[in-house]
Amino acid sequence: MGTKAIRIAGVAAAALLTLTACGGRGDTATTAGGDCQGQQTVGITDTSVKLGGVYPLSGPASAYGEAGKAGRAYFDYLNAEKGGINGRKVEYLVRDDAYQPPKTVEETRRLVEQDQVFAIFPTLGTATSSAVWDYLNQRQVPQVFVAGGATKWGADTAHPWTIGWQPSYRSEARAYASYVRQERPDATVAVLYQNDDFGKDLLDSFRAAVAGSGVRIVAEQSYEVTDPTVEPQLRTLSGSKADVLLNFSTPKFAAQALAADARATEWNPRHIVTTVANSVTTLKSVGFDNVQGVISAAYTKDPADPSRDTDPAMREYKDKLARYGQGIDPTSVYAIIGWASADSFAKTLAAASCPTREGLRDSMRNLNNIPVDLLLPGVTLKTGAGDAFPIEALQIQRLTGDRWSLVGDIIDTTK
């Protein structure tokens with residue numbers, strides 16, 4: 001997201017904070033008794049829990065909207081077949097922010113102050129989620145499993161009500177650095193990155209991870225989400241003749257970069273695309289013949305891989321998604337992430353010692369190797385004192401034909 005948009009978001013967020021400071025809380029404060037004495041119970045009763053999610057259902061990042069739709073389908077399944085979460089039916093309100101921070105502020109305020117939600121699950125995006133995390137933390141509303149890999153979701157200690165879910169961009173960049181150092185220890189690297197916290201986090205983390213090695217970054221080009229195309233940037237990067245191209249872009253621009261790379265026949269770098277843009281749908285739009293050998297990373301099972309069809313968790317996911325999420329592509333990586341993160345939320349709330357906002361906050365920061373069946377074997381949810389990163393393991397994958405093939409072993413990026 002461009003600097004101007006972020007600045008506008010900051011002004012809007014500041015206005016909300018001012019309103020709150022002046023006593024405009026907006027929600028009806030209700031508290032628990034007994035062992036949970038005084039803790040917040042806004043949006044939760046013995047039989048129901050109300051959640052709010054904010055996604056880009058429209059705009060330049062609308063491909064991510066599949067995650068929100070799949071999350072809603074998961075909760076519909078949970079309500080119909082499992083009685084909800086610990087007997088509480090889930091009411092899930094999904095709002096569209098079009099990937100614009102000011103709109104994120106508007107929709108989040110609506111969910112908290114008008115709809116009286118128990119928690120925000122999730123907000124999607126770095127600039128968008130950043131626009132509301134001060135607001136949500138001041139109001140002590142859990143911002144659970146932010147859909148984005150910004151390192152700050154787990155590293156920041158001033159926002160205890162916010163936590164990420166997917167591997168951080170630092171973890172993802174470390175995985176790519178490990179792969180490049182092993183495969184091409186003296187590689188030259190060109191980087192295309194989105195000019196915001198998302199792209200810069202990946203770039204800075206990769207740079208730090210290859211420091212002191214023979215791997216060198218020799219060219220960098222950024223783009224704004226308002227740019228019509230990144231083809232000029234790719235033409236500039238092609239002049240570097242780098243061995244590796246890091247494509248740190250969201251789906252629309254990642255596809256443009258992949259297509260431009262395919263047309264630059266005089267340059268044949270090892271092309272690495274970030275997890276947020278590695279959907280088979282995105283790759284198919286470029287033409288599978290044009291993207292063979294592209295590298296990415298994974299932490300969930302691949303719903304487009306036929307070899308997973310015998311996996312009990314994958315069979316259940318596809319069956320339930322067809323029943324409760326009609327029209328959603330079951331092979332979409334965004335859909336499986338939406339389903340798996342919703343499953344993670346349900347398990348986190350179910351494990352809370354108190355059915356309160358404080359109980360949920362404490363539970364999401366004390367996950368003890370919680371299994372989620374759609375994650376890759378060996379990947380679990382784990383947080384604790386000094387560790388607010390639920391998932392920190394990934395595996396490299398390479399596109400072969402029309403699907404991803406896993407490469408090597410799980411990479412523990414904490415080591």
# chains A, B, ... in the order shown; residues from 1 in each chain; ligands from 1
$ select_by_dssp --residues "region 42-280 of chain A" --states "helix (DSSP H, G or I)" --output "short mmCIF file (atom, residue, chain, number, x, y, z; two decimals) with N, CA and C atoms, in the first residue's frame"
data_model
loop_
_atom_site.label_atom_id
_atom_site.label_comp_id
_atom_site.auth_asym_id
_atom_site.auth_seq_id
_atom_site.Cartn_x
_atom_site.Cartn_y
_atom_site.Cartn_z
N SER A 62 -8.47 -8.76 -4.22
CA SER A 62 -9.73 -9.47 -4.00
C SER A 62 -9.57 -10.99 -4.05
N ALA A 63 -8.48 -11.48 -4.63
CA ALA A 63 -8.25 -12.93 -4.66
C ALA A 63 -8.21 -13.49 -3.25
N TYR A 64 -7.76 -12.69 -2.29
CA TYR A 64 -7.70 -13.14 -0.90
C TYR A 64 -9.08 -13.30 -0.28
N GLY A 65 -10.09 -12.75 -0.91
CA GLY A 65 -11.44 -12.85 -0.38
C GLY A 65 -11.91 -14.29 -0.24
N GLU A 66 -11.31 -15.21 -1.01
CA GLU A 66 -11.67 -16.63 -0.89
C GLU A 66 -11.42 -17.14 0.52
N ALA A 67 -10.42 -16.59 1.20
CA ALA A 67 -10.14 -17.02 2.57
C ALA A 67 -11.30 -16.69 3.49
N GLY A 68 -11.88 -15.51 3.33
CA GLY A 68 -13.02 -15.13 4.15
C GLY A 68 -14.24 -15.98 3.88
N LYS A 69 -14.46 -16.28 2.61
CA LYS A 69 -15.60 -17.12 2.25
C LYS A 69 -15.44 -18.53 2.82
N ALA A 70 -14.20 -19.06 2.75
CA ALA A 70 -13.95 -20.40 3.28
C ALA A 70 -14.06 -20.41 4.80
N GLY A 71 -13.62 -19.32 5.45
CA GLY A 71 -13.77 -19.23 6.90
C GLY A 71 -15.23 -19.25 7.31
N ARG A 72 -16.06 -18.53 6.57
CA ARG A 72 -17.50 -18.54 6.86
C ARG A 72 -18.07 -19.95 6.68
N ALA A 73 -17.64 -20.63 5.60
CA ALA A 73 -18.11 -22.00 5.36
C ALA A 73 -17.71 -22.92 6.51
N TYR A 74 -16.50 -22.74 7.03
CA TYR A 74 -16.05 -23.57 8.15
C TYR A 74 -16.96 -23.39 9.36
N PHE A 75 -17.27 -22.14 9.68
CA PHE A 75 -18.12 -21.90 10.85
C PHE A 75 -19.54 -22.41 10.62
N ASP A 76 -20.03 -22.32 9.38
CA ASP A 76 -21.35 -22.88 9.08
C ASP A 76 -21.34 -24.40 9.30
N TYR A 77 -20.28 -25.05 8.86
CA TYR A 77 -20.12 -26.50 9.09
C TYR A 77 -20.06 -26.80 10.58
N LEU A 78 -19.26 -26.01 11.31
CA LEU A 78 -19.09 -26.24 12.74
C LEU A 78 -20.43 -26.09 13.46
N ASN A 79 -21.20 -25.08 13.09
CA ASN A 79 -22.50 -24.87 13.71
C ASN A 79 -23.46 -26.02 13.43
N ALA A 80 -23.48 -26.46 12.17
CA ALA A 80 -24.45 -27.46 11.74
C ALA A 80 -24.12 -28.86 12.25
N GLU A 81 -22.84 -29.21 12.29
CA GLU A 81 -22.46 -30.59 12.58
C GLU A 81 -21.75 -30.79 13.91
N LYS A 82 -21.24 -29.72 14.50
CA LYS A 82 -20.49 -29.87 15.75
C LYS A 82 -21.08 -29.05 16.90
N PRO A 101 -6.65 0.81 3.90
CA PRO A 101 -6.61 1.03 5.35
C PRO A 101 -7.72 1.91 5.91
N PRO A 102 -8.07 3.04 5.26
CA PRO A 102 -9.17 3.83 5.84
C PRO A 102 -10.48 3.05 5.91
N LYS A 103 -10.71 2.20 4.92
CA LYS A 103 -11.91 1.37 4.92
C LYS A 103 -11.82 0.29 6.01
N THR A 104 -10.61 -0.21 6.25
CA THR A 104 -10.41 -1.18 7.33
C THR A 104 -10.81 -0.57 8.66
N VAL A 105 -10.38 0.66 8.88
CA VAL A 105 -10.73 1.38 10.11
C VAL A 105 -12.25 1.50 10.23
N GLU A 106 -12.89 1.91 9.15
CA GLU A 106 -14.34 2.11 9.16
C GLU A 106 -15.07 0.81 9.48
N GLU A 107 -14.69 -0.28 8.80
CA GLU A 107 -15.40 -1.55 8.99
C GLU A 107 -15.10 -2.17 10.35
N THR A 108 -13.87 -2.01 10.82
CA THR A 108 -13.53 -2.55 12.13
C THR A 108 -14.30 -1.84 13.23
N ARG A 109 -14.39 -0.51 13.12
CA ARG A 109 -15.16 0.26 14.09
C ARG A 109 -16.62 -0.19 14.08
N ARG A 110 -17.15 -0.41 12.91
CA ARG A 110 -18.54 -0.85 12.79
C ARG A 110 -18.74 -2.20 13.50
N LEU A 111 -17.81 -3.11 13.30
CA LEU A 111 -17.92 -4.44 13.91
C LEU A 111 -17.84 -4.36 15.43
N VAL A 112 -16.93 -3.54 15.92
CA VAL A 112 -16.71 -3.46 17.36
C VAL A 112 -17.80 -2.66 18.06
N GLU A 113 -18.13 -1.49 17.52
CA GLU A 113 -19.00 -0.57 18.24
C GLU A 113 -20.48 -0.74 17.92
N GLN A 114 -20.80 -1.19 16.72
CA GLN A 114 -22.20 -1.38 16.37
C GLN A 114 -22.62 -2.84 16.47
N THR A 126 -1.03 -6.14 5.70
CA THR A 126 -0.13 -5.48 6.64
C THR A 126 -0.56 -4.05 6.93
N ALA A 127 -0.65 -3.21 5.88
CA ALA A 127 -1.05 -1.82 6.10
C ALA A 127 -2.46 -1.74 6.67
N THR A 128 -3.34 -2.60 6.20
CA THR A 128 -4.73 -2.59 6.66
C THR A 128 -4.84 -3.00 8.13
N SER A 129 -4.17 -4.07 8.49
CA SER A 129 -4.21 -4.53 9.89
C SER A 129 -3.50 -3.55 10.82
N SER A 130 -2.43 -2.93 10.31
CA SER A 130 -1.71 -1.94 11.12
C SER A 130 -2.59 -0.74 11.42
N ALA A 131 -3.51 -0.44 10.53
CA ALA A 131 -4.37 0.74 10.71
C ALA A 131 -5.30 0.61 11.89
N VAL A 132 -5.53 -0.62 12.36
CA VAL A 132 -6.51 -0.81 13.44
C VAL A 132 -5.95 -1.46 14.69
N TRP A 133 -4.68 -1.88 14.68
CA TRP A 133 -4.22 -2.63 15.86
C TRP A 133 -4.08 -1.77 17.10
N ASP A 134 -3.75 -0.49 16.96
CA ASP A 134 -3.74 0.39 18.13
C ASP A 134 -5.15 0.53 18.70
N TYR A 135 -6.10 0.73 17.80
CA TYR A 135 -7.51 0.88 18.20
C TYR A 135 -8.00 -0.36 18.94
N LEU A 136 -7.75 -1.54 18.37
CA LEU A 136 -8.25 -2.77 18.97
C LEU A 136 -7.55 -3.08 20.30
N ASN A 137 -6.27 -2.80 20.38
CA ASN A 137 -5.56 -3.06 21.63
C ASN A 137 -5.96 -2.10 22.73
N GLN A 138 -6.22 -0.83 22.38
CA GLN A 138 -6.68 0.11 23.39
C GLN A 138 -8.04 -0.31 23.94
N LYS A 152 6.06 -8.10 12.79
CA LYS A 152 5.65 -7.39 14.01
C LYS A 152 4.46 -8.04 14.69
N TRP A 153 3.65 -8.82 13.99
CA TRP A 153 2.50 -9.45 14.64
C TRP A 153 2.95 -10.37 15.77
N GLY A 154 4.16 -10.89 15.68
CA GLY A 154 4.65 -11.75 16.74
C GLY A 154 5.76 -11.15 17.56
N ALA A 155 6.44 -10.13 17.01
CA ALA A 155 7.61 -9.57 17.69
C ALA A 155 7.26 -8.40 18.60
N TYR A 169 6.87 -13.12 7.58
CA TYR A 169 7.70 -12.89 6.39
C TYR A 169 9.17 -13.10 6.71
N ARG A 170 9.55 -12.88 7.95
CA ARG A 170 10.92 -13.18 8.35
C ARG A 170 11.19 -14.68 8.23
N SER A 171 10.25 -15.50 8.71
CA SER A 171 10.41 -16.95 8.60
C SER A 171 10.43 -17.38 7.14
N GLU A 172 9.52 -16.82 6.34
CA GLU A 172 9.46 -17.20 4.93
C GLU A 172 10.74 -16.82 4.21
N ALA A 173 11.24 -15.60 4.45
CA ALA A 173 12.48 -15.16 3.81
C ALA A 173 13.66 -16.03 4.24
N ARG A 174 13.68 -16.44 5.49
CA ARG A 174 14.75 -17.32 5.96
C ARG A 174 14.71 -18.66 5.24
N ALA A 175 13.50 -19.15 4.97
CA ALA A 175 13.38 -20.42 4.24
C ALA A 175 13.94 -20.28 2.83
N TYR A 176 13.61 -19.17 2.14
CA TYR A 176 14.15 -18.95 0.80
C TYR A 176 15.67 -18.79 0.84
N ALA A 177 16.16 -18.07 1.84
CA ALA A 177 17.60 -17.88 1.96
C ALA A 177 18.30 -19.21 2.17
N SER A 178 17.72 -20.08 2.99
CA SER A 178 18.29 -21.40 3.23
C SER A 178 18.35 -22.20 1.93
N TYR A 179 17.27 -22.12 1.16
CA TYR A 179 17.22 -22.84 -0.12
C TYR A 179 18.27 -22.30 -1.09
N VAL A 180 18.34 -20.98 -1.26
CA VAL A 180 19.29 -20.39 -2.21
C VAL A 180 20.73 -20.68 -1.79
N ARG A 181 21.02 -20.55 -0.53
CA ARG A 181 22.38 -20.80 -0.06
C ARG A 181 22.79 -22.24 -0.29
N GLN A 182 21.84 -23.16 -0.19
CA GLN A 182 22.15 -24.57 -0.42
C GLN A 182 22.27 -24.89 -1.90
N GLU A 183 21.36 -24.35 -2.72
CA GLU A 183 21.33 -24.70 -4.14
C GLU A 183 22.34 -23.89 -4.96
N ASP A 197 5.12 -2.41 4.03
CA ASP A 197 5.71 -3.27 5.06
C ASP A 197 5.82 -4.72 4.62
N PHE A 198 4.86 -5.18 3.83
CA PHE A 198 4.88 -6.55 3.33
C PHE A 198 6.15 -6.82 2.52
N GLY A 199 6.36 -6.05 1.47
CA GLY A 199 7.52 -6.26 0.61
C GLY A 199 8.84 -5.98 1.31
N LYS A 200 8.88 -4.92 2.09
CA LYS A 200 10.12 -4.54 2.76
C LYS A 200 10.51 -5.54 3.83
N ASP A 201 9.52 -6.12 4.52
CA ASP A 201 9.79 -7.13 5.55
C ASP A 201 10.47 -8.34 4.92
N LEU A 202 9.93 -8.81 3.79
CA LEU A 202 10.53 -9.95 3.09
C LEU A 202 11.94 -9.63 2.61
N LEU A 203 12.09 -8.47 1.99
CA LEU A 203 13.40 -8.08 1.45
C LEU A 203 14.44 -7.94 2.57
N ASP A 204 14.10 -7.20 3.61
CA ASP A 204 15.05 -6.98 4.70
C ASP A 204 15.41 -8.29 5.40
N SER A 205 14.44 -9.18 5.55
CA SER A 205 14.69 -10.45 6.22
C SER A 205 15.56 -11.36 5.36
N PHE A 206 15.33 -11.37 4.05
CA PHE A 206 16.18 -12.16 3.16
C PHE A 206 17.61 -11.63 3.19
N ARG A 207 17.73 -10.30 3.11
CA ARG A 207 19.06 -9.69 3.12
C ARG A 207 19.83 -10.08 4.39
N ALA A 208 19.13 -10.03 5.53
CA ALA A 208 19.79 -10.39 6.79
C ALA A 208 20.17 -11.87 6.82
N ALA A 209 19.32 -12.71 6.22
CA ALA A 209 19.57 -14.15 6.27
C ALA A 209 20.74 -14.59 5.38
N VAL A 210 21.07 -13.81 4.34
CA VAL A 210 22.19 -14.20 3.47
C VAL A 210 23.45 -13.41 3.79
N GLU A 231 5.72 -4.51 -15.39
CA GLU A 231 6.58 -4.88 -16.52
C GLU A 231 7.81 -3.97 -16.64
N PRO A 232 7.71 -2.64 -16.42
CA PRO A 232 8.92 -1.82 -16.47
C PRO A 232 9.96 -2.26 -15.44
N GLN A 233 9.49 -2.62 -14.26
CA GLN A 233 10.42 -3.07 -13.22
C GLN A 233 11.12 -4.37 -13.64
N LEU A 234 10.37 -5.27 -14.26
CA LEU A 234 10.96 -6.53 -14.71
C LEU A 234 11.99 -6.31 -15.80
N ARG A 235 11.72 -5.36 -16.69
CA ARG A 235 12.70 -5.08 -17.74
C ARG A 235 14.01 -4.57 -17.13
N THR A 236 13.88 -3.72 -16.11
CA THR A 236 15.08 -3.22 -15.44
C THR A 236 15.82 -4.35 -14.74
N LEU A 237 15.08 -5.20 -14.03
CA LEU A 237 15.72 -6.30 -13.31
C LEU A 237 16.39 -7.29 -14.26
N SER A 238 15.80 -7.48 -15.44
CA SER A 238 16.39 -8.45 -16.38
C SER A 238 17.79 -8.04 -16.81
N PRO A 251 -0.91 -11.33 -5.61
CA PRO A 251 -1.23 -12.15 -6.79
C PRO A 251 -1.25 -11.44 -8.13
N LYS A 252 -1.94 -10.30 -8.23
CA LYS A 252 -2.04 -9.61 -9.52
C LYS A 252 -0.66 -9.28 -10.08
N PHE A 253 0.20 -8.73 -9.25
CA PHE A 253 1.51 -8.30 -9.71
C PHE A 253 2.48 -9.47 -9.84
N ALA A 254 2.29 -10.49 -9.00
CA ALA A 254 3.12 -11.68 -9.14
C ALA A 254 2.88 -12.33 -10.50
N ALA A 255 1.61 -12.39 -10.93
CA ALA A 255 1.29 -12.96 -12.24
C ALA A 255 1.90 -12.13 -13.36
N GLN A 256 1.84 -10.81 -13.23
CA GLN A 256 2.45 -9.95 -14.25
C GLN A 256 3.96 -10.19 -14.33
N ALA A 257 4.61 -10.33 -13.17
CA ALA A 257 6.05 -10.55 -13.14
C ALA A 257 6.41 -11.91 -13.73
N LEU A 258 5.63 -12.93 -13.41
CA LEU A 258 5.87 -14.26 -13.98
C LEU A 258 5.74 -14.23 -15.50
N ALA A 259 4.71 -13.54 -15.99
CA ALA A 259 4.52 -13.45 -17.44
C ALA A 259 5.65 -12.69 -18.11
N ALA A 260 6.09 -11.59 -17.49
CA ALA A 260 7.18 -10.79 -18.05
C ALA A 260 8.48 -11.58 -18.04
N ASP A 261 8.70 -12.37 -17.00
CA ASP A 261 9.90 -13.21 -16.94
C ASP A 261 9.87 -14.24 -18.06
N ALA A 262 8.71 -14.82 -18.30
CA ALA A 262 8.60 -15.83 -19.36
C ALA A 262 8.91 -15.23 -20.73
N ARG A 263 8.53 -13.96 -20.92
CA ARG A 263 8.79 -13.32 -22.22
C ARG A 263 10.25 -12.90 -22.38
N THR A 275 4.51 -16.95 -0.70
CA THR A 275 3.36 -17.80 -0.40
C THR A 275 2.03 -17.08 -0.61
N VAL A 276 2.00 -15.76 -0.48
CA VAL A 276 0.72 -15.05 -0.62
C VAL A 276 0.26 -15.01 -2.06
N ALA A 277 1.11 -15.43 -3.00
CA ALA A 277 0.75 -15.36 -4.42
C ALA A 277 1.01 -16.66 -5.15
N VAL A 280 -2.37 -21.93 -7.32
CA VAL A 280 -2.36 -22.54 -8.65
C VAL A 280 -3.22 -21.73 -9.62
#
$ residues_around --residues "region 389-394 of chain A" --least-positions-apart "6" --cutoff "7 Å" --atoms "only C-alpha atoms" --output "list in words"
Gly154, Gly164, Trp165, Gln166, Pro167, Ser171, Ala175, Ala297, Ala298, Tyr299, Val379, Thr380, Leu381, Lys382, Thr383, Ile410, Ile411, Asp412, Thr413 and Thr414 of chain A
$ atom_distance --atom1 "CA of Asn290 (chain A)" --atom2 "CA of Thr331 (chain A)"
20.2 Å
$ atom_distance --atom1 "CA of Gly52 (chain A)" --atom2 "CA of Asp362 (chain A)"
19.2 Å
$ atom_distance --atom1 "CA of Asp329 (chain A)" --atom2 "CA of Gly125 (chain A)"
21.5 Å
$ residues_around --residues "Ala242 (chain A)" --least-positions-apart "2" --cutoff "10 Å" --atoms "only C-alpha atoms" --output "PyMOL selection string"
chain A and resi 187-191+216-219+237-240+244-245+267-270
$ select_by_dssp --residues "region 232-354 of chain A" --states "strand (DSSP E)" --output "list in words"
Val244, Leu245, Leu246, Asn247, Phe248, Arg270, His271, Ile272, Val273, Ile295, Ser296, Ala297 and Ala298 of chain A
$ write_last_selection --atoms "N, CA, C and O atoms" --output "PDB file, in the first residue's frame"
ATOM      1  N   VAL A 244      18.894 -15.495  -9.547  1.00  0.00           N
ATOM      2  CA  VAL A 244      17.647 -15.739  -8.815  1.00  0.00           C
ATOM      3  C   VAL A 244      16.792 -14.476  -8.853  1.00  0.00           C
ATOM      4  O   VAL A 244      17.310 -13.365  -8.695  1.00  0.00           O
ATOM      5  N   LEU A 245      15.484 -14.640  -9.064  1.00  0.00           N
ATOM      6  CA  LEU A 245      14.532 -13.534  -8.990  1.00  0.00           C
ATOM      7  C   LEU A 245      13.580 -13.786  -7.845  1.00  0.00           C
ATOM      8  O   LEU A 245      12.865 -14.798  -7.823  1.00  0.00           O
ATOM      9  N   LEU A 246      13.575 -12.895  -6.859  1.00  0.00           N
ATOM     10  CA  LEU A 246      12.626 -12.954  -5.756  1.00  0.00           C
ATOM     11  C   LEU A 246      11.423 -12.096  -6.107  1.00  0.00           C
ATOM     12  O   LEU A 246      11.541 -10.881  -6.265  1.00  0.00           O
ATOM     13  N   ASN A 247      10.265 -12.721  -6.220  1.00  0.00           N
ATOM     14  CA  ASN A 247       9.031 -12.058  -6.614  1.00  0.00           C
ATOM     15  C   ASN A 247       8.179 -11.873  -5.366  1.00  0.00           C
ATOM     16  O   ASN A 247       7.317 -12.681  -5.044  1.00  0.00           O
ATOM     17  N   PHE A 248       8.437 -10.785  -4.617  1.00  0.00           N
ATOM     18  CA  PHE A 248       7.744 -10.507  -3.370  1.00  0.00           C
ATOM     19  C   PHE A 248       6.538  -9.623  -3.666  1.00  0.00           C
ATOM     20  O   PHE A 248       6.516  -8.430  -3.350  1.00  0.00           O
ATOM     21  N   ARG A 270      16.228 -18.425 -11.527  1.00  0.00           N
ATOM     22  CA  ARG A 270      15.397 -19.264 -10.675  1.00  0.00           C
ATOM     23  C   ARG A 270      14.381 -18.325 -10.019  1.00  0.00           C
ATOM     24  O   ARG A 270      14.745 -17.455  -9.245  1.00  0.00           O
ATOM     25  N   HIS A 271      13.114 -18.505 -10.352  1.00  0.00           N
ATOM     26  CA  HIS A 271      12.059 -17.563  -9.954  1.00  0.00           C
ATOM     27  C   HIS A 271      11.401 -18.058  -8.669  1.00  0.00           C
ATOM     28  O   HIS A 271      10.849 -19.163  -8.624  1.00  0.00           O
ATOM     29  N   ILE A 272      11.438 -17.229  -7.626  1.00  0.00           N
ATOM     30  CA  ILE A 272      10.826 -17.571  -6.340  1.00  0.00           C
ATOM     31  C   ILE A 272       9.653 -16.635  -6.094  1.00  0.00           C
ATOM     32  O   ILE A 272       9.799 -15.410  -6.107  1.00  0.00           O
ATOM     33  N   VAL A 273       8.472 -17.213  -5.860  1.00  0.00           N
ATOM     34  CA  VAL A 273       7.262 -16.421  -5.636  1.00  0.00           C
ATOM     35  C   VAL A 273       6.789 -16.646  -4.201  1.00  0.00           C
ATOM     36  O   VAL A 273       6.852 -17.760  -3.675  1.00  0.00           O
ATOM     37  N   ILE A 295       9.698 -21.643  -7.791  1.00  0.00           N
ATOM     38  CA  ILE A 295       9.875 -22.074  -6.402  1.00  0.00           C
ATOM     39  C   ILE A 295       9.001 -21.235  -5.477  1.00  0.00           C
ATOM     40  O   ILE A 295       8.814 -20.035  -5.690  1.00  0.00           O
ATOM     41  N   SER A 296       8.465 -21.866  -4.447  1.00  0.00           N
ATOM     42  CA  SER A 296       7.767 -21.147  -3.388  1.00  0.00           C
ATOM     43  C   SER A 296       7.937 -21.938  -2.097  1.00  0.00           C
ATOM     44  O   SER A 296       8.850 -22.768  -1.984  1.00  0.00           O
ATOM     45  N   ALA A 297       7.089 -21.671  -1.120  1.00  0.00           N
ATOM     46  CA  ALA A 297       7.129 -22.394   0.149  1.00  0.00           C
ATOM     47  C   ALA A 297       5.716 -22.751   0.545  1.00  0.00           C
ATOM     48  O   ALA A 297       4.743 -22.182   0.035  1.00  0.00           O
ATOM     49  N   ALA A 298       5.587 -23.703   1.457  1.00  0.00           N
ATOM     50  CA  ALA A 298       4.266 -24.154   1.894  1.00  0.00           C
ATOM     51  C   ALA A 298       4.290 -24.479   3.367  1.00  0.00           C
ATOM     52  O   ALA A 298       5.330 -24.845   3.930  1.00  0.00           O
TER      53      ALA A 298
END
$ residues_around --residues "Lys50 (chain A)" --least-positions-apart "5" --cutoff "12 Å" --atoms "only C-alpha atoms" --output "ChimeraX atom specification"
/A:41-45,75,84-85,88-94,111-112,115-121,357
$ residues_around --residues "Asn366 (chain A)" --least-positions-apart "2" --cutoff "9 Å" --atoms "only C-alpha atoms" --output "PyMOL selection string"
chain A and resi 361-364+368+382-385+388
